[in-house]
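For reference, model.cif (mmCIF, C-alpha atoms):
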```
data_coords
loop_
_atom_site.label_atom_id
_atom_site.label_comp_id
_atom_site.auth_asym_id
_atom_site.auth_seq_id
_atom_site.Cartn_x
_atom_site.Cartn_y
_atom_site.Cartn_z
CA MET M 610 -11.03 5.15 -2.92
CA LYS M 611 -11.04 1.99 -5.04
CA CYS M 612 -7.50 0.69 -5.49
CA ALA M 613 -5.68 -2.11 -7.28
CA VAL M 614 -2.54 -3.54 -5.71
CA LEU M 615 0.47 -4.56 -7.80
CA PHE M 616 0.80 -7.87 -6.10
CA SER M 617 3.70 -10.33 -6.19
CA GLY M 618 2.69 -12.41 -3.18
CA GLY M 619 5.82 -11.31 -1.31
CA LYS M 620 6.13 -9.29 1.86
CA ASP M 621 6.29 -5.76 0.39
CA SER M 622 3.24 -5.78 -1.87
CA THR M 623 1.18 -7.66 0.74
CA TYR M 624 2.16 -5.21 3.49
CA ALA M 625 1.39 -2.25 1.19
CA ALA M 626 -2.07 -3.79 0.58
CA TYR M 627 -2.52 -4.19 4.34
CA LEU M 628 -1.63 -0.53 4.97
CA ALA M 629 -4.07 0.60 2.29
CA LYS M 630 -6.90 -1.44 3.82
CA LYS M 631 -6.01 -0.26 7.33
CA ASN M 632 -6.29 3.33 6.13
CA LYS M 633 -9.78 2.72 4.70
CA TYR M 634 -8.88 2.26 1.03
CA LYS M 635 -10.88 -0.33 -0.83
CA LEU M 636 -8.79 -3.20 -2.22
CA THR M 637 -10.83 -3.72 -5.38
CA CYS M 638 -8.45 -6.03 -7.23
CA LEU M 639 -4.91 -7.36 -7.31
CA ILE M 640 -2.64 -7.34 -10.35
CA SER M 641 0.08 -9.97 -10.78
CA ILE M 642 2.54 -9.91 -13.63
CA ILE M 643 3.99 -13.27 -14.51
CA SER M 644 7.26 -12.57 -16.24
CA GLU M 645 8.93 -15.29 -18.27
CA ASN M 646 12.18 -13.46 -17.67
CA LYS M 647 13.51 -14.62 -14.33
CA GLU M 648 15.88 -11.66 -14.29
CA SER M 649 13.05 -9.15 -14.76
CA TYR M 650 13.91 -5.56 -13.85
CA MET M 651 10.35 -4.87 -12.77
CA PHE M 652 8.79 -7.94 -11.23
CA HIS M 653 9.59 -10.63 -8.70
CA THR M 654 9.00 -14.01 -10.26
CA PRO M 655 9.21 -16.92 -7.77
CA SER M 656 5.92 -18.45 -6.64
CA ILE M 657 3.93 -15.82 -8.48
CA GLU M 658 1.41 -18.41 -9.72
CA LYS M 659 0.55 -18.86 -6.06
CA THR M 660 -0.86 -15.35 -5.92
CA THR M 661 -4.11 -16.87 -7.18
CA ILE M 662 -4.45 -18.80 -3.91
CA GLN M 663 -3.50 -15.72 -1.87
CA ALA M 664 -6.07 -13.63 -3.73
CA LYS M 665 -8.73 -16.24 -3.01
CA THR M 666 -7.98 -16.24 0.68
CA MET M 667 -8.31 -12.44 0.67
CA ASN M 668 -11.47 -12.68 -1.41
CA ILE M 669 -10.12 -10.08 -3.86
CA PRO M 670 -10.30 -10.54 -7.66
CA LEU M 671 -6.93 -11.07 -9.33
CA ILE M 672 -5.82 -9.90 -12.76
CA VAL M 673 -2.96 -12.06 -14.05
CA GLN M 674 -0.94 -10.62 -16.90
CA LYS M 675 1.71 -12.68 -18.64
CA SER M 676 4.81 -10.97 -19.93
CA LYS M 677 7.81 -12.12 -21.93
CA GLY M 678 9.74 -9.87 -19.59
CA LYS M 679 11.76 -7.92 -22.13
CA LYS M 680 12.76 -4.61 -20.60
CA GLU M 681 10.30 -2.15 -22.15
CA GLU M 682 7.74 -4.75 -23.28
CA GLU M 683 6.96 -5.71 -19.71
CA LEU M 684 6.03 -2.11 -19.03
CA LYS M 685 3.49 -2.30 -21.82
CA ASP M 686 2.13 -5.50 -20.27
CA LEU M 687 1.89 -3.78 -16.89
CA GLU M 688 0.08 -0.85 -18.47
CA LYS M 689 -2.31 -3.27 -20.17
CA ALA M 690 -3.11 -4.95 -16.83
CA ILE M 691 -3.64 -1.63 -15.03
CA LYS M 692 -5.86 -0.42 -17.85
CA LYS M 693 -7.90 -3.60 -17.54
CA ALA M 694 -8.27 -3.02 -13.78
CA LYS M 695 -9.43 0.53 -14.45
CA GLU M 696 -12.00 -0.53 -17.03
CA LYS M 697 -13.29 -3.63 -15.25
CA PHE M 698 -13.16 -2.56 -11.60
CA LYS M 699 -13.28 1.26 -11.94
CA ILE M 700 -10.18 1.66 -9.78
CA GLU M 701 -8.97 5.18 -9.02
CA GLY M 702 -5.55 4.31 -7.66
CA ILE M 703 -2.68 1.83 -7.72
CA VAL M 704 -0.87 0.63 -4.59
CA THR M 705 2.68 -0.69 -4.86
CA GLY M 706 5.19 -2.16 -2.42
CA ALA M 707 8.09 -0.14 -3.85
CA VAL M 708 10.67 0.62 -1.17
CA GLU M 709 13.91 1.73 -2.79
CA SER M 710 13.80 0.98 -6.50
CA VAL M 711 13.61 4.25 -8.40
CA TYR M 712 13.51 2.21 -11.61
CA GLN M 713 10.29 0.41 -10.60
CA ALA M 714 8.66 3.35 -8.86
CA SER M 715 9.18 5.92 -11.62
CA ARG M 716 7.86 3.56 -14.29
CA VAL M 717 4.70 2.79 -12.34
CA GLN M 718 4.30 6.53 -11.67
CA LYS M 719 4.48 7.21 -15.41
CA ILE M 720 1.85 4.57 -16.22
CA CYS M 721 -0.49 5.87 -13.48
CA ASP M 722 0.00 9.42 -14.73
CA LYS M 723 -0.87 8.35 -18.27
CA LEU M 724 -3.98 6.48 -17.11
CA GLU M 725 -4.97 9.28 -14.70
CA LEU M 726 -4.72 7.13 -11.61
CA GLU M 727 -3.38 7.92 -8.16
CA CYS M 728 -0.17 6.08 -7.33
CA PHE M 729 0.41 5.03 -3.71
CA ASN M 730 3.76 3.75 -2.46
CA PRO M 731 3.26 3.49 1.30
CA LEU M 732 6.61 1.74 1.91
CA TRP M 733 8.62 4.27 -0.08
CA GLN M 734 12.06 4.92 1.49
CA LYS M 735 11.04 3.02 4.62
CA ASN M 736 13.85 1.85 6.86
CA GLN M 737 14.36 -1.81 5.99
CA PHE M 738 14.70 -3.05 9.57
CA GLU M 739 11.62 -1.09 10.59
CA LEU M 740 9.78 -2.79 7.73
CA LEU M 741 10.79 -6.26 8.93
CA GLU M 742 9.85 -5.39 12.52
CA ASP M 743 6.46 -4.05 11.37
CA LEU M 744 5.74 -7.29 9.52
CA ILE M 745 6.33 -9.34 12.66
CA LYS M 746 4.37 -6.87 14.82
CA ASN M 747 1.40 -7.14 12.45
CA ASN M 748 1.40 -10.96 12.46
CA PHE M 749 2.68 -11.54 8.93
CA GLU M 750 3.83 -15.12 8.39
CA ILE M 751 6.47 -14.93 5.68
CA ILE M 752 8.92 -17.46 4.31
CA ILE M 753 12.02 -17.13 2.16
CA THR M 754 11.41 -18.66 -1.29
CA GLY M 755 14.58 -17.59 -3.03
CA VAL M 756 18.14 -16.50 -2.21
CA PHE M 757 20.40 -14.99 -4.81
CA ALA M 758 23.55 -13.64 -3.15
CA TYR M 759 26.61 -14.59 -1.14
CA PRO M 760 26.67 -15.75 1.69
CA PHE M 761 23.14 -17.18 1.45
CA ASN M 762 22.77 -20.89 0.82
CA LYS M 763 20.13 -23.61 0.53
CA SER M 764 19.50 -23.62 4.29
CA TRP M 765 17.81 -20.21 4.09
CA LEU M 766 14.96 -21.50 1.93
CA GLY M 767 11.71 -21.91 3.84
CA ARG M 768 12.94 -19.85 6.80
CA LYS M 769 10.41 -17.61 8.47
CA ILE M 770 10.93 -13.89 8.93
CA ASP M 771 11.09 -13.70 12.70
CA LYS M 772 13.22 -12.02 15.37
CA LYS M 773 16.04 -14.54 14.79
CA PHE M 774 15.96 -13.83 11.05
CA ILE M 775 16.19 -10.07 11.67
CA LYS M 776 19.13 -10.58 14.04
CA GLU M 777 21.02 -12.65 11.46
CA ILE M 778 20.19 -10.36 8.57
CA LYS M 779 21.51 -7.42 10.63
CA GLU M 780 24.83 -9.22 10.89
CA LEU M 781 24.85 -10.01 7.15
CA ASN M 782 24.06 -6.37 6.47
CA LYS M 783 27.08 -5.27 8.49
CA LYS M 784 29.46 -7.86 7.04
CA TYR M 785 28.31 -8.18 3.43
CA GLN M 786 26.02 -5.17 2.83
CA ILE M 787 23.07 -7.52 2.28
CA ASN M 788 19.99 -5.34 2.04
CA PRO M 789 17.87 -6.34 5.07
CA ALA M 790 14.65 -6.28 3.05
CA GLY M 791 16.12 -8.09 0.04
CA GLU M 792 15.64 -4.96 -2.04
CA GLY M 793 18.76 -5.61 -4.04
CA GLY M 794 17.25 -8.94 -5.12
CA GLU M 795 19.27 -10.81 -2.48
CA PHE M 796 16.24 -12.82 -1.41
CA GLU M 797 12.57 -13.21 -2.17
CA THR M 798 9.65 -13.93 0.08
CA PHE M 799 6.16 -15.39 0.10
CA VAL M 800 3.35 -14.52 2.51
CA LEU M 801 1.61 -17.54 4.05
CA ASN M 802 -0.61 -15.56 6.39
CA CYS M 803 -1.42 -11.97 7.37
CA PRO M 804 -4.40 -10.01 8.72
CA LEU M 805 -5.83 -9.78 5.17
CA PHE M 806 -6.02 -13.57 4.79
CA LYS M 807 -9.05 -15.56 5.92
CA ARG M 808 -6.85 -18.57 6.66
CA SER M 809 -3.22 -19.52 6.90
CA LEU M 810 -1.76 -21.18 3.79
CA LYS M 811 0.06 -24.45 4.35
CA ILE M 812 2.89 -25.85 2.26
CA ASN M 813 1.87 -29.18 0.77
CA ASN M 814 4.95 -29.90 -1.23
CA LYS M 815 8.16 -28.12 -2.12
CA LYS M 816 10.83 -28.40 -4.78
CA ILE M 817 14.24 -26.92 -4.21
CA PHE M 818 16.72 -26.18 -6.94
CA GLY M 819 19.84 -24.10 -7.43
CA GLU M 820 23.52 -24.04 -6.70
CA LYS M 821 26.12 -22.29 -4.56
CA HIS M 822 24.51 -19.04 -3.37
CA SER M 823 21.51 -18.99 -5.66
CA TRP M 824 18.58 -21.17 -4.61
CA LYS M 825 14.87 -21.25 -5.22
CA MET M 826 11.95 -23.04 -3.69
CA GLU M 827 8.78 -23.79 -5.60
CA ILE M 828 5.90 -24.54 -3.28
CA ASP M 829 2.52 -26.24 -3.59
CA LEU M 830 -0.06 -24.87 -1.21
CA LYS M 831 -3.13 -26.27 0.47
CA MET U 1319 11.86 22.29 17.01
CA ILE U 1320 11.14 21.85 13.31
CA LEU U 1321 7.58 21.99 12.01
CA ILE U 1322 6.94 19.52 9.17
CA ILE U 1323 3.92 20.52 7.13
CA ASN U 1324 1.95 17.77 5.44
CA ILE U 1325 0.14 18.88 2.27
CA CYS U 1326 -1.22 15.45 1.25
CA ASN U 1327 -4.92 15.15 0.53
CA GLU U 1328 -4.80 11.35 0.82
CA LYS U 1329 -3.85 9.65 4.09
CA LEU U 1330 -1.95 6.88 2.25
CA HIS U 1331 0.35 9.42 0.61
CA GLU U 1332 1.64 10.57 3.99
CA PHE U 1333 3.70 7.36 4.21
CA GLU U 1334 5.37 8.29 0.93
CA PHE U 1335 5.90 12.03 1.19
CA VAL U 1336 5.92 12.91 4.91
CA LYS U 1337 7.20 9.83 6.77
CA PRO U 1338 10.53 9.70 4.84
CA ILE U 1339 11.23 13.30 5.91
CA GLU U 1340 10.29 12.47 9.51
CA ASP U 1341 12.64 9.47 9.35
CA ILE U 1342 15.54 11.64 8.15
CA LEU U 1343 15.00 14.02 11.08
CA LYS U 1344 14.69 11.10 13.51
CA GLY U 1345 17.97 9.71 12.17
CA GLY U 1346 19.62 13.09 12.75
CA LYS U 1347 18.12 13.26 16.27
CA ILE U 1348 16.34 16.48 15.29
CA LYS U 1349 13.16 17.36 17.18
CA PHE U 1350 10.10 17.91 15.05
CA LYS U 1351 6.35 18.07 14.99
CA THR U 1352 4.19 17.22 11.98
CA GLU U 1353 0.93 18.98 11.16
CA HIS U 1354 -1.42 19.13 8.20
CA TYR U 1355 -1.52 22.56 6.57
CA LYS U 1356 -5.19 23.03 7.36
CA LYS U 1357 -4.58 22.49 11.07
CA ILE U 1358 -1.60 24.76 11.66
CA THR U 1359 -1.96 27.00 14.73
CA LYS U 1360 -0.11 30.18 15.73
CA LYS U 1361 1.71 28.07 18.32
CA ASP U 1362 2.95 25.71 15.58
CA LEU U 1363 4.48 28.69 13.78
CA LEU U 1364 6.73 29.34 16.78
CA ALA U 1365 8.90 26.50 15.39
CA GLU U 1366 12.47 27.54 14.59
CA LYS U 1367 12.27 26.18 11.04
CA ILE U 1368 9.61 24.76 8.75
CA ILE U 1369 9.67 22.06 6.08
CA ILE U 1370 6.74 21.86 3.64
CA CYS U 1371 6.69 18.36 2.13
CA GLY U 1372 5.52 17.34 -1.33
CA THR U 1373 2.65 15.18 -2.43
CA SER U 1374 1.62 12.94 -5.33
CA LEU U 1375 1.53 13.83 -9.04
CA LYS U 1376 -2.23 13.85 -9.10
CA ASP U 1377 -2.75 15.68 -5.82
CA ASN U 1378 -3.03 19.40 -6.55
CA TYR U 1379 -5.69 20.02 -3.93
CA PHE U 1380 -3.34 22.28 -1.95
CA LEU U 1381 -3.29 24.74 -4.86
CA GLU U 1382 -6.96 25.46 -4.24
CA ASN U 1383 -6.19 26.13 -0.59
CA LEU U 1384 -3.34 28.60 -0.73
CA LYS U 1385 -5.22 30.82 1.74
CA TYR U 1386 -3.94 28.48 4.47
CA PHE U 1387 -0.40 29.63 3.64
CA LYS U 1388 -0.91 33.39 3.91
CA TRP U 1389 1.24 33.36 7.06
CA LEU U 1390 4.27 32.55 4.86
CA LYS U 1391 4.42 36.15 3.57
CA ASN U 1392 5.40 37.54 6.96
CA PHE U 1393 7.29 34.52 8.21
CA ASN U 1394 10.96 35.32 8.71
CA LYS U 1395 12.43 32.04 9.93
CA PRO U 1396 13.89 29.44 7.50
CA VAL U 1397 11.35 27.53 5.41
CA LEU U 1398 12.19 24.66 3.06
CA GLY U 1399 9.65 23.72 0.40
CA ILE U 1400 9.94 20.34 -1.30
CA CYS U 1401 8.28 19.92 -4.71
CA GLY U 1402 4.64 20.85 -3.89
CA GLY U 1403 6.04 22.84 -0.98
CA SER U 1404 8.27 24.66 -3.46
CA HIS U 1405 5.19 25.52 -5.56
CA ILE U 1406 3.50 26.94 -2.46
CA ILE U 1407 6.46 29.18 -1.56
CA GLY U 1408 6.75 30.33 -5.19
CA LEU U 1409 3.08 31.19 -5.49
CA ILE U 1410 2.96 33.02 -2.16
CA LEU U 1411 5.99 35.05 -3.32
CA GLY U 1412 4.01 36.02 -6.44
CA ASN U 1413 5.52 33.68 -9.07
CA LYS U 1414 3.55 31.89 -11.74
CA LEU U 1415 2.64 28.23 -12.07
CA LYS U 1416 3.50 26.38 -15.28
CA ASN U 1417 3.13 22.83 -16.53
CA LYS U 1418 6.34 20.83 -16.39
CA LYS U 1419 6.37 17.06 -16.11
CA GLU U 1420 9.44 15.19 -14.90
CA ILE U 1421 9.38 11.71 -13.35
CA GLY U 1422 12.44 9.73 -12.26
CA LEU U 1423 16.15 10.30 -11.75
CA LYS U 1424 17.92 13.15 -13.51
CA GLU U 1425 21.41 14.56 -13.20
CA ILE U 1426 21.48 18.26 -12.51
CA ASN U 1427 24.34 20.67 -12.01
CA ILE U 1428 24.00 22.86 -8.94
CA LYS U 1429 26.29 25.76 -9.77
CA LYS U 1430 25.93 27.74 -6.56
CA GLU U 1431 26.18 25.82 -3.30
CA PHE U 1432 22.72 25.09 -1.96
CA LEU U 1433 22.23 23.73 1.54
CA GLY U 1434 25.61 22.04 1.42
CA ILE U 1435 25.32 20.48 -2.01
CA LYS U 1436 27.07 21.62 -5.17
CA GLY U 1437 28.01 20.30 -8.60
CA LYS U 1438 26.57 17.35 -10.49
CA ARG U 1439 23.91 15.48 -8.56
CA LYS U 1440 21.39 12.76 -9.35
CA VAL U 1441 18.02 13.90 -8.10
CA TYR U 1442 14.57 12.28 -8.04
CA TYR U 1443 11.78 14.19 -9.72
CA LEU U 1444 8.06 13.61 -9.36
CA HIS U 1445 6.14 16.65 -10.56
CA ASN U 1446 3.93 17.89 -13.36
CA LEU U 1447 4.01 21.55 -12.33
CA GLN U 1448 6.74 24.05 -11.65
CA VAL U 1449 6.88 27.51 -10.11
CA LEU U 1450 10.47 28.00 -8.90
CA PRO U 1451 13.77 26.72 -10.33
CA GLU U 1452 15.27 23.35 -9.31
CA THR U 1453 16.90 25.02 -6.32
CA PHE U 1454 15.81 28.38 -4.99
CA ASN U 1455 16.90 30.61 -2.13
CA HIS U 1456 15.55 34.05 -1.36
CA GLN U 1457 16.07 35.44 2.13
CA ASN U 1458 14.66 32.82 4.54
CA PHE U 1459 12.97 30.83 1.79
CA TYR U 1460 14.56 27.64 0.43
CA ALA U 1461 12.86 25.53 -2.20
CA ILE U 1462 13.71 22.44 -4.22
CA LEU U 1463 11.78 20.89 -7.07
CA PHE U 1464 13.24 17.41 -6.51
CA HIS U 1465 12.65 15.03 -3.59
CA PRO U 1466 15.68 15.03 -1.26
CA GLU U 1467 14.25 12.10 0.70
CA VAL U 1468 15.15 9.82 -2.20
CA ARG U 1469 18.79 10.43 -3.13
CA ASN U 1470 19.83 13.59 -1.31
CA LYS U 1471 18.85 13.05 2.31
CA GLU U 1472 21.69 15.17 3.67
CA LEU U 1473 20.15 18.29 2.17
CA THR U 1474 17.23 18.08 4.63
CA VAL U 1475 19.61 17.62 7.57
CA ASN U 1476 21.74 20.56 6.37
CA PHE U 1477 18.63 22.74 6.28
CA CYS U 1478 17.73 21.74 9.84
CA ASN U 1479 21.27 22.58 10.97
CA LEU U 1480 21.35 26.04 9.33
#
```
Could you show the structure in this file as structure tokens?
Amino acid sequence: MKCAVLFSGGKDSTYAAYLAKKNKYKLTCLISIISENKESYMFHTPSIEKTTIQAKTMNIPLIVQKSKGKKEEELKDLEKAIKKAKEKFKIEGIVTGAVESVYQASRVQKICDKLELECFNPLWQKNQFELLEDLIKNNFEIIITGVFAYPFNKSWLGRKIDKKFIKEIKELNKKYQINPAGEGGEFETFVLNCPLFKRSLKINNKKIFGEKHSWKMEIDLK
Amino acid sequence: MILIINICNEKLHEFEFVKPIEDILKGGKIKFKTEHYKKITKKDLLAEKIIICGTSLKDNYFLENLKYFKWLKNFNKPVLGICGGSHIIGLILGNKLKNKKEIGLKEINIKKEFLGIKGKRKVYYLHNLQVLPETFNHQNFYAILFHPEVRNKELTVNFCNL
């Protein structure tokens, strides 16, 4: 089945794409929504422009849809992008990296239903620690590009998701109820390499900005 | 041993509709076996209880294959049908299918205790068809239209512990 992946460049949507490919689904195109609203309810925003480079290294066409990011307007923009993918690439299904968010998942379900497309959420309700372990097991190279909650600080930016990260996040989960997969928007990630990529992406330059417990890292890739 | 029946037509949907149920049982240290409805054997039906999972909005393929569920008529051990599984139980019991689309969270009021839950509850819906009410119990048959794997995980555990 020809599928489009709702792709943010972070760990969840990339892993969902990987699972689809592994199970013999054709990754026909990727869809990235660039929201001007950094507090978007629907979409992760950091480093999303970099999805173009990720798409190139996967050799999959990318549909980029800009959105002002107002609550219901961004849904219309998402629908527009999915419609475009259906018309241009004849996709029959959408793959998302939704794990816990009923808000995101039900809205994508509604759009797919309207456009008569299958909706696949292969990470749905997945145990968050299992998800992190699976990423490491499957050779995903992922870095933290944003932290947005106490007790995170600047030092977490650029860290890789590895065994040490999981150990520390387990402790933060116990102490501060930090969601281990960053589902509550506590942190955001970017995939530098995974089995779908033809090469590993390297960070050329980085800019860090923020304060207290809210920090972001913009990266240039080579 | 619980038998989990997978009704998905697409492999990728199993992660979404079957694995979360398996994970709940694993978390409750409940023994189970999962099988696709087309591959169920007489030996599988020796299970002490059965859970029939749901599938995606667009996947109604199981409705064309109800012959694989004929065994349900004479089955007298507890069976729980979730969404699509609820439709299957309802149709085998002779009820009619109707169109009813509901997607997302909704608050319902469960007046009569059902598998340990009662009163106002937020439940996750993902269906465009309906056969039985939101919650249904007749003899050994239990059915729910919503997906307990999303906000009401304990319901599945309560069924297994009946």
Between CA of Trp824 in chain M and CA of Val711 in chain M - distance in Å to one decimal = 26.2 Å
Mind dumping a table of every range 666-716 of chain M residue within 9 Å of range 799-806 of chain M, with the nearest atom pair and its distance in Å to one decimal, using only C-alpha atoms, sorted by chain and rising number, as a Markdown table?
```
| residue | atom | partner | partner_atom | distance |
| --- | --- | --- | --- | --- |
| M:Thr666 | CA | M:Phe806 | CA | 5.3 |
| M:Met667 | CA | M:Phe806 | CA | 4.8 |
| M:Asn668 | CA | M:Phe806 | CA | 8.3 |
```
Go ahead and save the picked residues with C-alpha atoms, as a compact mmCIF listing (two decimals), keeping the file's coordinate frame.
```txt
# COMPACT_ATOMS: atom_id res chain seq x y z
CA THR M 666 -7.98 -16.24 0.68
CA MET M 667 -8.31 -12.44 0.67
CA ASN M 668 -11.47 -12.68 -1.41
```
Test item: the PyMOL selection byres ((chain M and resi 670) around 6) resolved as a PyMOL selection string = chain M and resi 638+669+671
The PyMOL selection byres ((chain U) within 8 of (chain M)) resolved against shown file, as a list in words =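 For this structure, the PyMOL selection byres ((chain U) within 8 of (chain M)) captures Lys1329, Leu1330, His1331, Glu1332, Phe1333, Glu1334, Pro1338, Ser1374, Leu1375, Lys1376, Ile1421, Gly1422, Leu1423, Glu1467 and Val1468 of chain U.
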For those residues, write C-alpha atoms to a file as an mmCIF file, in the coordinates of the input.
```cif
data_model
loop_
_atom_site.group_PDB
_atom_site.id
_atom_site.type_symbol
_atom_site.label_atom_id
_atom_site.label_comp_id
_atom_site.auth_asym_id
_atom_site.auth_seq_id
_atom_site.Cartn_x
_atom_site.Cartn_y
_atom_site.Cartn_z
ATOM 1 C CA LYS U 1329 -3.850 9.650 4.090
ATOM 2 C CA LEU U 1330 -1.950 6.880 2.250
ATOM 3 C CA HIS U 1331 0.350 9.420 0.610
ATOM 4 C CA GLU U 1332 1.640 10.570 3.990
ATOM 5 C CA PHE U 1333 3.700 7.360 4.210
ATOM 6 C CA GLU U 1334 5.370 8.290 0.930
ATOM 7 C CA PRO U 1338 10.530 9.700 4.840
ATOM 8 C CA SER U 1374 1.620 12.940 -5.330
ATOM 9 C CA LEU U 1375 1.530 13.830 -9.040
ATOM 10 C CA LYS U 1376 -2.230 13.850 -9.100
ATOM 11 C CA ILE U 1421 9.380 11.710 -13.350
ATOM 12 C CA GLY U 1422 12.440 9.730 -12.260
ATOM 13 C CA LEU U 1423 16.150 10.300 -11.750
ATOM 14 C CA GLU U 1467 14.250 12.100 0.700
ATOM 15 C CA VAL U 1468 15.150 9.820 -2.200
#
```
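Minimum distance to Asn1427 in chain U across U:Asn1446, U:Asn1378, U:Asn1470, U:Thr1453 (counting only C-alpha atoms) occurs at U:Thr1453.
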request  = With a distance cut-off of 8 Å and only C-alpha atoms, select the neighbouring residues of Ile1368 in chain U, excluding the residue or stretch itself and same-chain residues fewer than 2 positions from it, and output the selection as a PyMOL selection string.
outcome  = chain U and resi 1320-1323+1365-1366+1370+1395-1398
inquiry  = Running the PyMOL selection byres ((chain U and resi 1415) around 8) on this model by hand, what would come out? Give it as a list in words.
reply    = His1405, Leu1409, Asn1413, Lys1414, Lys1416, Asn1417, Leu1447, Gln1448 and Val1449 of chain U
task = Identify, on the basis of only C-alpha atoms, every residue whose closest approach to Thr1373 in chain U does not exceed 8 Å; exclude the query and any residue fewer than 4 positions from it along the same chain; express the result as JSON, numbers by chain.
result = {"U": [1325, 1326, 1331, 1332, 1335, 1377, 1401, 1402]}
Would you mind exporting the chosen residues as an mmCIF file, in the frame of the given file, restricted to C-alpha atoms?
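After the write, out-v1.cif holds the following:
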```cif
data_model
loop_
_atom_site.group_PDB
_atom_site.id
_atom_site.type_symbol
_atom_site.label_atom_id
_atom_site.label_comp_id
_atom_site.auth_asym_id
_atom_site.auth_seq_id
_atom_site.Cartn_x
_atom_site.Cartn_y
_atom_site.Cartn_z
ATOM 1 C CA ILE U 1325 0.140 18.880 2.270
ATOM 2 C CA CYS U 1326 -1.220 15.450 1.250
ATOM 3 C CA HIS U 1331 0.350 9.420 0.610
ATOM 4 C CA GLU U 1332 1.640 10.570 3.990
ATOM 5 C CA PHE U 1335 5.900 12.030 1.190
ATOM 6 C CA ASP U 1377 -2.750 15.680 -5.820
ATOM 7 C CA CYS U 1401 8.280 19.920 -4.710
ATOM 8 C CA GLY U 1402 4.640 20.850 -3.890
#
```
List every protein, DNA or RNA residue that has at least one atom no more than 8 Å from (15.6, -27.3, -6.4) in the file's coordinates, counting only C-alpha atoms, and write the result as an mmCIF file with C-alpha atoms, keeping the file's coordinate frame.
```cif
data_model
loop_
_atom_site.group_PDB
_atom_site.id
_atom_site.type_symbol
_atom_site.label_atom_id
_atom_site.label_comp_id
_atom_site.auth_asym_id
_atom_site.auth_seq_id
_atom_site.Cartn_x
_atom_site.Cartn_y
_atom_site.Cartn_z
ATOM 1 C CA LYS M 816 10.830 -28.400 -4.780
ATOM 2 C CA ILE M 817 14.240 -26.920 -4.210
ATOM 3 C CA PHE M 818 16.720 -26.180 -6.940
ATOM 4 C CA GLY M 819 19.840 -24.100 -7.430
ATOM 5 C CA TRP M 824 18.580 -21.170 -4.610
ATOM 6 C CA LYS M 825 14.870 -21.250 -5.220
ATOM 7 C CA MET M 826 11.950 -23.040 -3.690
ATOM 8 C CA GLU M 827 8.780 -23.790 -5.600
#
```
inquiry  = Please compute the CA of Lys746 in chain M-CA of Glu1340 in chain U distance, one decimal, in Å.
reply    =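 CA of Glu1340 in chain U lies 20.9 Å from CA of Lys746 in chain M.
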Could you give me the axis-aligned bounding box of range 796-812 of chain M, with 5 Å of padding per side, as centre plus edge lengths in Å to one decimal, as AutoDock Vina command-line options?
```
--center_x 3.6 --center_y -17.8 --center_z 3.3 --size_x 35.3 --size_y 26.1 --size_z 20.9
```
